[in-house]
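A.B. asks: coords_14.pdb (PDB, C-alpha atoms, pLDDT in the B column) pasted underneath:
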```
ATOM      1  CA  ASP Q   1     -89.089  28.483  54.097  1.00 67.00           C
ATOM      2  CA  THR Q   2     -89.846  30.297  50.862  1.00 72.00           C
ATOM      3  CA  ALA Q   3     -90.766  27.815  48.149  1.00 93.00           C
ATOM      4  CA  VAL Q   4     -90.001  29.969  45.091  1.00 97.00           C
ATOM      5  CA  SER Q   5     -87.864  33.038  45.618  1.00 96.00           C
ATOM      6  CA  GLN Q   6     -86.791  35.784  43.244  1.00 97.00           C
ATOM      7  CA  THR Q   7     -84.254  38.552  43.468  1.00 97.00           C
ATOM      8  CA  PRO Q   8     -84.419  41.440  43.258  1.00 97.00           C
ATOM      9  CA  LYS Q   9     -88.003  42.361  44.161  1.00 96.00           C
ATOM     10  CA  TYR Q  10     -87.679  45.760  42.493  1.00 97.00           C
ATOM     11  CA  LEU Q  11     -85.403  46.757  39.651  1.00 97.00           C
ATOM     12  CA  VAL Q  12     -85.211  50.285  38.262  1.00 97.00           C
ATOM     13  CA  THR Q  13     -82.827  50.896  35.398  1.00 97.00           C
ATOM     14  CA  GLN Q  14     -82.154  53.013  32.335  1.00 97.00           C
ATOM     15  CA  MET Q  15     -82.945  52.093  28.741  1.00 97.00           C
ATOM     16  CA  GLY Q  16     -80.126  50.239  27.070  1.00 97.00           C
ATOM     17  CA  ASN Q  17     -78.802  48.604  30.232  1.00 97.00           C
ATOM     18  CA  ASP Q  18     -78.444  44.869  30.780  1.00 97.00           C
ATOM     19  CA  LYS Q  19     -79.957  43.280  33.876  1.00 97.00           C
ATOM     20  CA  SER Q  20     -80.572  39.863  35.410  1.00 97.00           C
ATOM     21  CA  ILE Q  21     -83.288  38.407  37.619  1.00 98.00           C
ATOM     22  CA  LYS Q  22     -82.615  35.296  39.647  1.00 98.00           C
ATOM     23  CA  CYS Q  23     -85.022  32.565  40.711  1.00 97.00           C
ATOM     24  CA  GLU Q  24     -84.611  29.619  43.039  1.00 97.00           C
ATOM     25  CA  GLN Q  25     -87.050  26.928  44.145  1.00 97.00           C
ATOM     26  CA  ASN Q  26     -86.651  24.494  47.040  1.00 96.00           C
ATOM     27  CA  LEU Q  27     -89.610  22.285  46.155  1.00 95.00           C
ATOM     28  CA  GLY Q  28     -87.606  19.652  44.305  1.00 94.00           C
ATOM     29  CA  HIS Q  29     -89.472  20.418  41.084  1.00 93.00           C
ATOM     30  CA  ASP Q  30     -88.021  19.627  37.689  1.00 91.00           C
ATOM     31  CA  THR Q  31     -89.801  22.316  35.682  1.00 92.00           C
ATOM     32  CA  MET Q  32     -89.434  26.088  36.005  1.00 94.00           C
ATOM     33  CA  TYR Q  33     -91.042  28.964  34.147  1.00 94.00           C
ATOM     34  CA  TRP Q  34     -90.766  32.683  33.491  1.00 95.00           C
ATOM     35  CA  TYR Q  35     -93.918  34.760  33.025  1.00 95.00           C
ATOM     36  CA  LYS Q  36     -94.394  38.426  32.195  1.00 96.00           C
ATOM     37  CA  GLN Q  37     -97.326  40.352  33.695  1.00 96.00           C
ATOM     38  CA  ASP Q  38     -98.150  43.693  32.116  1.00 94.00           C
ATOM     39  CA  SER Q  39     -99.774  46.713  33.708  1.00 93.00           C
ATOM     40  CA  LYS Q  40    -103.257  45.326  32.969  1.00 92.00           C
ATOM     41  CA  LYS Q  41    -102.399  42.127  34.866  1.00 92.00           C
ATOM     42  CA  PHE Q  42    -102.270  40.072  31.658  1.00 93.00           C
ATOM     43  CA  LEU Q  43     -99.988  37.100  32.274  1.00 94.00           C
ATOM     44  CA  LYS Q  44     -98.032  35.437  29.493  1.00 92.00           C
ATOM     45  CA  ILE Q  45     -95.517  32.631  29.603  1.00 92.00           C
ATOM     46  CA  MET Q  46     -92.066  33.399  28.228  1.00 93.00           C
ATOM     47  CA  PHE Q  47     -89.933  30.321  28.861  1.00 91.00           C
ATOM     48  CA  SER Q  48     -89.999  26.940  30.529  1.00 90.00           C
ATOM     49  CA  TYR Q  49     -87.143  24.646  31.490  1.00 89.00           C
ATOM     50  CA  ASN Q  50     -87.355  21.001  32.436  1.00 88.00           C
ATOM     51  CA  ASN Q  51     -84.303  19.750  34.320  1.00 85.00           C
ATOM     52  CA  LYS Q  52     -82.092  22.441  32.766  1.00 83.00           C
ATOM     53  CA  GLU Q  53     -83.412  21.878  29.240  1.00 87.00           C
ATOM     54  CA  LEU Q  54     -85.417  24.574  27.439  1.00 88.00           C
ATOM     55  CA  ILE Q  55     -88.849  23.195  26.529  1.00 85.00           C
ATOM     56  CA  ILE Q  56     -90.976  26.290  25.977  1.00 84.00           C
ATOM     57  CA  ASN Q  57     -89.732  29.368  24.189  1.00 83.00           C
ATOM     58  CA  GLU Q  58     -92.585  31.676  23.317  1.00 85.00           C
ATOM     59  CA  THR Q  59     -92.290  34.574  20.922  1.00 80.00           C
ATOM     60  CA  VAL Q  60     -89.932  36.637  23.019  1.00 88.00           C
ATOM     61  CA  PRO Q  61     -87.261  39.047  21.722  1.00 91.00           C
ATOM     62  CA  ASN Q  62     -83.840  37.420  21.733  1.00 92.00           C
ATOM     63  CA  ARG Q  63     -82.701  40.156  24.114  1.00 96.00           C
ATOM     64  CA  PHE Q  64     -84.198  37.861  26.749  1.00 96.00           C
ATOM     65  CA  SER Q  65     -82.049  34.874  27.577  1.00 94.00           C
ATOM     66  CA  PRO Q  66     -82.912  32.349  30.277  1.00 94.00           C
ATOM     67  CA  LYS Q  67     -80.227  30.275  31.934  1.00 93.00           C
ATOM     68  CA  SER Q  68     -80.660  27.265  34.173  1.00 93.00           C
ATOM     69  CA  PRO Q  69     -77.445  26.282  35.972  1.00 92.00           C
ATOM     70  CA  ASP Q  70     -79.266  23.454  37.762  1.00 92.00           C
ATOM     71  CA  LYS Q  71     -82.853  22.347  38.108  1.00 90.00           C
ATOM     72  CA  ALA Q  72     -83.419  24.484  41.227  1.00 95.00           C
ATOM     73  CA  HIS Q  73     -82.416  27.743  39.540  1.00 96.00           C
ATOM     74  CA  LEU Q  74     -83.666  29.632  36.508  1.00 95.00           C
ATOM     75  CA  ASN Q  75     -82.281  33.081  35.804  1.00 96.00           C
ATOM     76  CA  LEU Q  76     -83.427  35.629  33.251  1.00 97.00           C
ATOM     77  CA  HIS Q  77     -80.965  37.971  31.588  1.00 97.00           C
ATOM     78  CA  ILE Q  78     -82.239  40.927  29.584  1.00 97.00           C
ATOM     79  CA  ASN Q  79     -79.989  42.865  27.211  1.00 97.00           C
ATOM     80  CA  SER Q  80     -80.510  46.371  25.909  1.00 97.00           C
ATOM     81  CA  LEU Q  81     -83.553  47.091  28.038  1.00 97.00           C
ATOM     82  CA  GLU Q  82     -86.450  48.960  26.410  1.00 97.00           C
ATOM     83  CA  LEU Q  83     -89.337  50.932  27.896  1.00 96.00           C
ATOM     84  CA  GLY Q  84     -91.740  48.167  26.876  1.00 95.00           C
ATOM     85  CA  ASP Q  85     -89.892  45.677  29.065  1.00 96.00           C
ATOM     86  CA  SER Q  86     -91.326  47.379  32.144  1.00 97.00           C
ATOM     87  CA  ALA Q  87     -93.521  44.767  33.808  1.00 97.00           C
ATOM     88  CA  VAL Q  88     -93.638  42.320  36.677  1.00 97.00           C
ATOM     89  CA  TYR Q  89     -91.731  39.121  35.961  1.00 97.00           C
ATOM     90  CA  PHE Q  90     -92.761  35.959  37.769  1.00 97.00           C
ATOM     91  CA  CYS Q  91     -90.849  32.761  38.165  1.00 97.00           C
ATOM     92  CA  ALA Q  92     -92.777  29.553  38.810  1.00 95.00           C
ATOM     93  CA  SER Q  93     -92.089  25.857  39.221  1.00 95.00           C
ATOM     94  CA  SER Q  94     -93.984  22.581  38.998  1.00 93.00           C
ATOM     95  CA  LEU Q  95     -93.539  18.871  38.762  1.00 90.00           C
ATOM     96  CA  ALA Q  96     -92.377  17.707  35.357  1.00 77.00           C
ATOM     97  CA  GLY Q  97     -95.503  15.795  34.438  1.00 70.00           C
ATOM     98  CA  THR Q  98     -97.106  15.965  31.040  1.00 71.00           C
ATOM     99  CA  SER Q  99    -100.653  15.507  32.301  1.00 75.00           C
ATOM    100  CA  GLY Q 100    -101.404  19.197  32.595  1.00 79.00           C
ATOM    101  CA  LYS Q 101    -102.757  18.599  36.105  1.00 83.00           C
ATOM    102  CA  ASP Q 102     -99.799  19.862  38.081  1.00 87.00           C
ATOM    103  CA  THR Q 103    -100.004  23.006  40.169  1.00 91.00           C
ATOM    104  CA  GLN Q 104     -97.564  25.766  39.422  1.00 93.00           C
ATOM    105  CA  TYR Q 105     -95.972  27.573  42.379  1.00 95.00           C
ATOM    106  CA  PHE Q 106     -95.148  31.207  41.806  1.00 96.00           C
ATOM    107  CA  GLY Q 107     -92.492  33.464  43.218  1.00 96.00           C
ATOM    108  CA  PRO Q 108     -93.321  36.928  44.587  1.00 95.00           C
ATOM    109  CA  GLY Q 109     -92.390  38.684  41.361  1.00 96.00           C
ATOM    110  CA  THR Q 110     -89.778  41.218  40.251  1.00 97.00           C
ATOM    111  CA  ARG Q 111     -91.102  44.619  39.285  1.00 97.00           C
ATOM    112  CA  LEU Q 112     -88.889  45.951  36.495  1.00 98.00           C
ATOM    113  CA  THR Q 113     -89.104  49.639  35.630  1.00 97.00           C
ATOM    114  CA  VAL Q 114     -87.165  50.901  32.632  1.00 97.00           C
ATOM    115  CA  LEU Q 115     -86.701  54.681  32.518  1.00 96.00           C
TER     116      LEU Q 115
ATOM    117  CA  GLY C   1    -105.014  25.929  20.967  1.00 84.00           C
ATOM    118  CA  ASN C   2    -106.863  25.876  24.263  1.00 89.00           C
ATOM    119  CA  SER C   3    -108.079  29.196  25.615  1.00 92.00           C
ATOM    120  CA  VAL C   4    -110.154  30.724  28.404  1.00 95.00           C
ATOM    121  CA  THR C   5    -112.387  33.748  28.553  1.00 96.00           C
ATOM    122  CA  GLN C   6    -113.260  35.288  31.878  1.00 95.00           C
ATOM    123  CA  MET C   7    -115.452  38.193  32.815  1.00 89.00           C
ATOM    124  CA  GLU C   8    -113.883  41.584  32.937  1.00 88.00           C
ATOM    125  CA  GLY C   9    -113.572  43.448  36.154  1.00 87.00           C
ATOM    126  CA  PRO C  10    -113.322  45.190  38.351  1.00 95.00           C
ATOM    127  CA  VAL C  11    -116.017  43.609  40.471  1.00 96.00           C
ATOM    128  CA  THR C  12    -116.918  45.513  43.630  1.00 97.00           C
ATOM    129  CA  LEU C  13    -118.997  43.808  46.319  1.00 97.00           C
ATOM    130  CA  SER C  14    -120.026  44.453  49.859  1.00 97.00           C
ATOM    131  CA  GLU C  15    -118.801  42.077  52.535  1.00 97.00           C
ATOM    132  CA  GLU C  16    -120.959  38.924  52.834  1.00 97.00           C
ATOM    133  CA  ALA C  17    -122.264  39.286  49.276  1.00 97.00           C
ATOM    134  CA  PHE C  18    -122.389  36.348  46.865  1.00 98.00           C
ATOM    135  CA  LEU C  19    -119.622  36.172  44.296  1.00 97.00           C
ATOM    136  CA  THR C  20    -119.620  34.709  40.798  1.00 97.00           C
ATOM    137  CA  ILE C  21    -116.734  35.162  38.372  1.00 97.00           C
ATOM    138  CA  ASN C  22    -117.484  33.622  35.000  1.00 97.00           C
ATOM    139  CA  CYS C  23    -114.961  31.549  33.069  1.00 97.00           C
ATOM    140  CA  THR C  24    -115.575  29.682  29.836  1.00 97.00           C
ATOM    141  CA  TYR C  25    -113.057  27.616  27.960  1.00 96.00           C
ATOM    142  CA  THR C  26    -112.303  26.324  24.482  1.00 94.00           C
ATOM    143  CA  ALA C  27    -110.304  23.125  24.454  1.00 91.00           C
ATOM    144  CA  THR C  28    -109.535  19.867  22.754  1.00 86.00           C
ATOM    145  CA  GLY C  29    -110.723  17.120  25.037  1.00 86.00           C
ATOM    146  CA  TYR C  30    -111.200  17.716  28.742  1.00 87.00           C
ATOM    147  CA  PRO C  31    -108.116  19.350  30.220  1.00 90.00           C
ATOM    148  CA  SER C  32    -107.702  20.231  33.874  1.00 92.00           C
ATOM    149  CA  LEU C  33    -109.051  23.657  34.832  1.00 95.00           C
ATOM    150  CA  PHE C  34    -107.572  25.980  37.433  1.00 96.00           C
ATOM    151  CA  TRP C  35    -108.366  29.106  39.392  1.00 98.00           C
ATOM    152  CA  TYR C  36    -105.370  31.054  40.641  1.00 97.00           C
ATOM    153  CA  VAL C  37    -105.537  34.088  42.931  1.00 98.00           C
ATOM    154  CA  GLN C  38    -103.124  37.011  43.162  1.00 97.00           C
ATOM    155  CA  TYR C  39    -103.300  39.066  46.352  1.00 96.00           C
ATOM    156  CA  PRO C  40    -101.937  42.622  46.181  1.00 93.00           C
ATOM    157  CA  GLY C  41     -98.176  42.702  45.810  1.00 91.00           C
ATOM    158  CA  GLU C  42     -97.832  38.939  45.659  1.00 92.00           C
ATOM    159  CA  GLY C  43     -97.372  36.169  43.128  1.00 93.00           C
ATOM    160  CA  LEU C  44    -100.152  33.887  41.976  1.00 95.00           C
ATOM    161  CA  GLN C  45    -101.206  30.921  44.079  1.00 96.00           C
ATOM    162  CA  LEU C  46    -103.499  28.046  43.290  1.00 96.00           C
ATOM    163  CA  LEU C  47    -107.001  28.560  44.665  1.00 98.00           C
ATOM    164  CA  LEU C  48    -108.621  25.386  43.347  1.00 98.00           C
ATOM    165  CA  LYS C  49    -108.634  23.024  40.409  1.00 96.00           C
ATOM    166  CA  ALA C  50    -110.677  20.300  38.761  1.00 96.00           C
ATOM    167  CA  THR C  51    -108.974  17.587  36.766  1.00 92.00           C
ATOM    168  CA  LYS C  52    -111.938  16.040  34.970  1.00 91.00           C
ATOM    169  CA  ALA C  53    -115.400  16.909  33.769  1.00 91.00           C
ATOM    170  CA  ASP C  54    -118.107  17.226  36.452  1.00 94.00           C
ATOM    171  CA  ASP C  55    -115.490  17.562  39.211  1.00 96.00           C
ATOM    172  CA  LYS C  56    -115.921  20.323  41.768  1.00 97.00           C
ATOM    173  CA  GLY C  57    -112.879  22.101  43.127  1.00 97.00           C
ATOM    174  CA  SER C  58    -113.147  23.895  46.446  1.00 97.00           C
ATOM    175  CA  ASN C  59    -110.937  25.825  48.845  1.00 97.00           C
ATOM    176  CA  LYS C  60    -111.344  28.636  51.397  1.00 96.00           C
ATOM    177  CA  GLY C  61    -115.102  28.750  50.756  1.00 97.00           C
ATOM    178  CA  PHE C  62    -114.661  29.112  46.990  1.00 98.00           C
ATOM    179  CA  GLU C  63    -116.070  26.518  44.597  1.00 98.00           C
ATOM    180  CA  ALA C  64    -116.024  25.870  40.875  1.00 98.00           C
ATOM    181  CA  THR C  65    -117.611  23.024  38.929  1.00 98.00           C
ATOM    182  CA  TYR C  66    -116.180  21.709  35.664  1.00 97.00           C
ATOM    183  CA  ARG C  67    -119.181  21.728  33.338  1.00 96.00           C
ATOM    184  CA  LYS C  68    -118.460  20.253  29.928  1.00 94.00           C
ATOM    185  CA  GLU C  69    -121.994  20.919  28.649  1.00 94.00           C
ATOM    186  CA  THR C  70    -121.526  24.660  28.952  1.00 95.00           C
ATOM    187  CA  THR C  71    -117.679  24.607  28.748  1.00 96.00           C
ATOM    188  CA  SER C  72    -117.586  26.628  31.938  1.00 97.00           C
ATOM    189  CA  PHE C  73    -115.727  26.736  35.239  1.00 98.00           C
ATOM    190  CA  HIS C  74    -117.345  29.614  37.097  1.00 98.00           C
ATOM    191  CA  LEU C  75    -115.916  30.625  40.470  1.00 98.00           C
ATOM    192  CA  GLU C  76    -118.384  31.132  43.325  1.00 98.00           C
ATOM    193  CA  LYS C  77    -118.313  32.055  46.973  1.00 98.00           C
ATOM    194  CA  GLY C  78    -121.351  32.424  49.161  1.00 97.00           C
ATOM    195  CA  SER C  79    -120.101  35.209  51.407  1.00 96.00           C
ATOM    196  CA  VAL C  80    -117.054  37.258  50.492  1.00 97.00           C
ATOM    197  CA  GLN C  81    -114.770  38.981  52.952  1.00 97.00           C
ATOM    198  CA  VAL C  82    -112.562  42.045  52.612  1.00 97.00           C
ATOM    199  CA  SER C  83    -109.582  39.688  52.662  1.00 97.00           C
ATOM    200  CA  ASP C  84    -110.811  38.112  49.396  1.00 98.00           C
ATOM    201  CA  SER C  85    -109.924  41.299  47.524  1.00 97.00           C
ATOM    202  CA  ALA C  86    -107.512  40.125  44.841  1.00 97.00           C
ATOM    203  CA  VAL C  87    -107.199  39.344  41.143  1.00 97.00           C
ATOM    204  CA  TYR C  88    -108.587  35.950  40.100  1.00 98.00           C
ATOM    205  CA  PHE C  89    -107.300  34.065  37.065  1.00 97.00           C
ATOM    206  CA  CYS C  90    -108.898  31.141  35.264  1.00 97.00           C
ATOM    207  CA  ALA C  91    -106.361  28.893  33.497  1.00 96.00           C
ATOM    208  CA  LEU C  92    -105.974  25.667  31.564  1.00 93.00           C
ATOM    209  CA  PRO C  93    -103.123  23.711  29.995  1.00 90.00           C
ATOM    210  CA  SER C  94    -102.337  24.408  26.363  1.00 85.00           C
ATOM    211  CA  GLY C  95     -99.593  23.368  23.996  1.00 75.00           C
ATOM    212  CA  GLY C  96     -98.651  20.254  25.915  1.00 68.00           C
ATOM    213  CA  GLY C  97     -97.108  19.463  29.272  1.00 65.00           C
ATOM    214  CA  ASN C  98     -97.769  21.877  32.082  1.00 75.00           C
ATOM    215  CA  LYS C  99     -97.845  25.040  29.968  1.00 84.00           C
ATOM    216  CA  LEU C 100    -100.763  27.147  31.197  1.00 90.00           C
ATOM    217  CA  THR C 101    -102.819  29.722  29.371  1.00 92.00           C
ATOM    218  CA  PHE C 102    -104.376  32.271  31.714  1.00 94.00           C
ATOM    219  CA  GLY C 103    -107.478  34.370  31.352  1.00 95.00           C
ATOM    220  CA  THR C 104    -107.198  38.137  31.538  1.00 95.00           C
ATOM    221  CA  GLY C 105    -107.850  38.185  35.275  1.00 96.00           C
ATOM    222  CA  THR C 106    -110.792  39.629  37.198  1.00 96.00           C
ATOM    223  CA  GLN C 107    -110.112  42.143  39.930  1.00 96.00           C
ATOM    224  CA  LEU C 108    -112.362  41.742  42.965  1.00 97.00           C
ATOM    225  CA  LYS C 109    -112.719  44.469  45.568  1.00 97.00           C
ATOM    226  CA  VAL C 110    -114.733  43.745  48.694  1.00 97.00           C
ATOM    227  CA  GLU C 111    -115.826  46.701  50.824  1.00 97.00           C
ATOM    228  CA  LEU C 112    -117.184  46.878  54.361  1.00 94.00           C
TER     229      LEU C 112
END
```
Please re-express this file's structure in structure tokens.
C.D. replies:
Amino acid sequence: DTAVSQTPKYLVTQMGNDKSIKCEQNLGHDTMYWYKQDSKKFLKIMFSYNNKELIINETVPNRFSPKSPDKAHLNLHINSLELGDSAVYFCASSLAGTSGKDTQYFGPGTRLTVL
Amino acid sequence: GNSVTQMEGPVTLSEEAFLTINCTYTATGYPSLFWYVQYPGEGLQLLLKATKADDKGSNKGFEATYRKETTSFHLEKGSVQVSDSAVYFCALPSGGGNKLTFGTGTQLKVEL
């Protein structure tokens, strides 16, 4: 069974379009994350949700809107796509602890290409 | 806030060579330290971690020791294999909770 899954794996779209990426985890975790990885492999957190509540919202354009319908799902909707949004987007999940010791489990990534 | 600095790659080694990937950190207190690995075309996965100073994390022949004197968490492996070719990320918590800050990643290529 896949622990953290994302769909789609590849997404190619035109500038100005709106698209969504879906993420699901079956680990029973309370906390989920979205990361963006650029072409140089630099990884930066975008958002984090704990039990459907937004707890981390980094400096991300408001064209990006996360939505968590339940604690097992965290979707990412992107409006008015721009060339600079091209990247690999990773979903991750972890226990909800505040110790900073918990392992994060990553999905396989969604490669977004904006033309 | 907390941050990590890791050596730039790419690092190219022959099979069975010794590997060191340097990672140093700046932090308040003694946070947990992590090494994650990203194999080609995949997401990141935890390789090893150390949750307190002087701890050694180990997995799959890789080791890293949490050294507070030198604020380092260098990744080592005695004999690399072609299958170890991947990007390696050092990371630590920052900003509270389980938020992680990652290093820039070090690409390792192991050749026959």
A.B. asks: Give me the residues near stretch 107-111 of chain Q as a PyMOL selection string, where near means some atom within 10 Å (using only C-alpha atoms) and where sequence neighbours in that chain fewer than 2 positions away do not count.
C.D. replies: (chain Q and resi 2-12+21-25+34-37+86-93+104-105+113-114) or (chain C and resi 38+41-45)
A.B. asks: Going by the chain IDs and residue numbers used in this file, which residues fall under the PyMOL selection byres ((chain Q) within 8 of (chain C))? Write them as number ranges by chain.
C.D. replies: Q: 41-45, 90, 94, 96-109
A.B. asks: With all atoms listed in the file as the counted atoms, please give the residues lying no more than 9 Å from C:His74, apart from itself and same-chain residues fewer than 6 positions off, as a list of chain:residue names.
C.D. replies: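 Counting all atoms listed in the file, the residues come to C:Gln6, C:Thr20, C:Ile21, C:Asn22, C:Cys23, C:Thr24, C:Glu63, C:Ala64, C:Thr65, C:Tyr66, C:Arg67, C:Cys90.
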A.B. asks: Any idea what the distance is between atom CA of Q:Pro61 and atom CA of Q:Leu74?
C.D. replies: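 Separation between atom CA of Q:Pro61 and atom CA of Q:Leu74: 17.9 Å.
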A.B. asks: Report, in Å with one decimal, the straight-line distance from atom CA of Q:Glu58 to atom CA of Q:Lys19.
C.D. replies: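 The value is 20.1 Å.
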A.B. asks: Between atom CA of C:Phe18 and atom CA of C:Lys109, what distance in Å does the model show, to one decimal?
C.D. replies: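 Distance between the two atoms: 12.7 Å.
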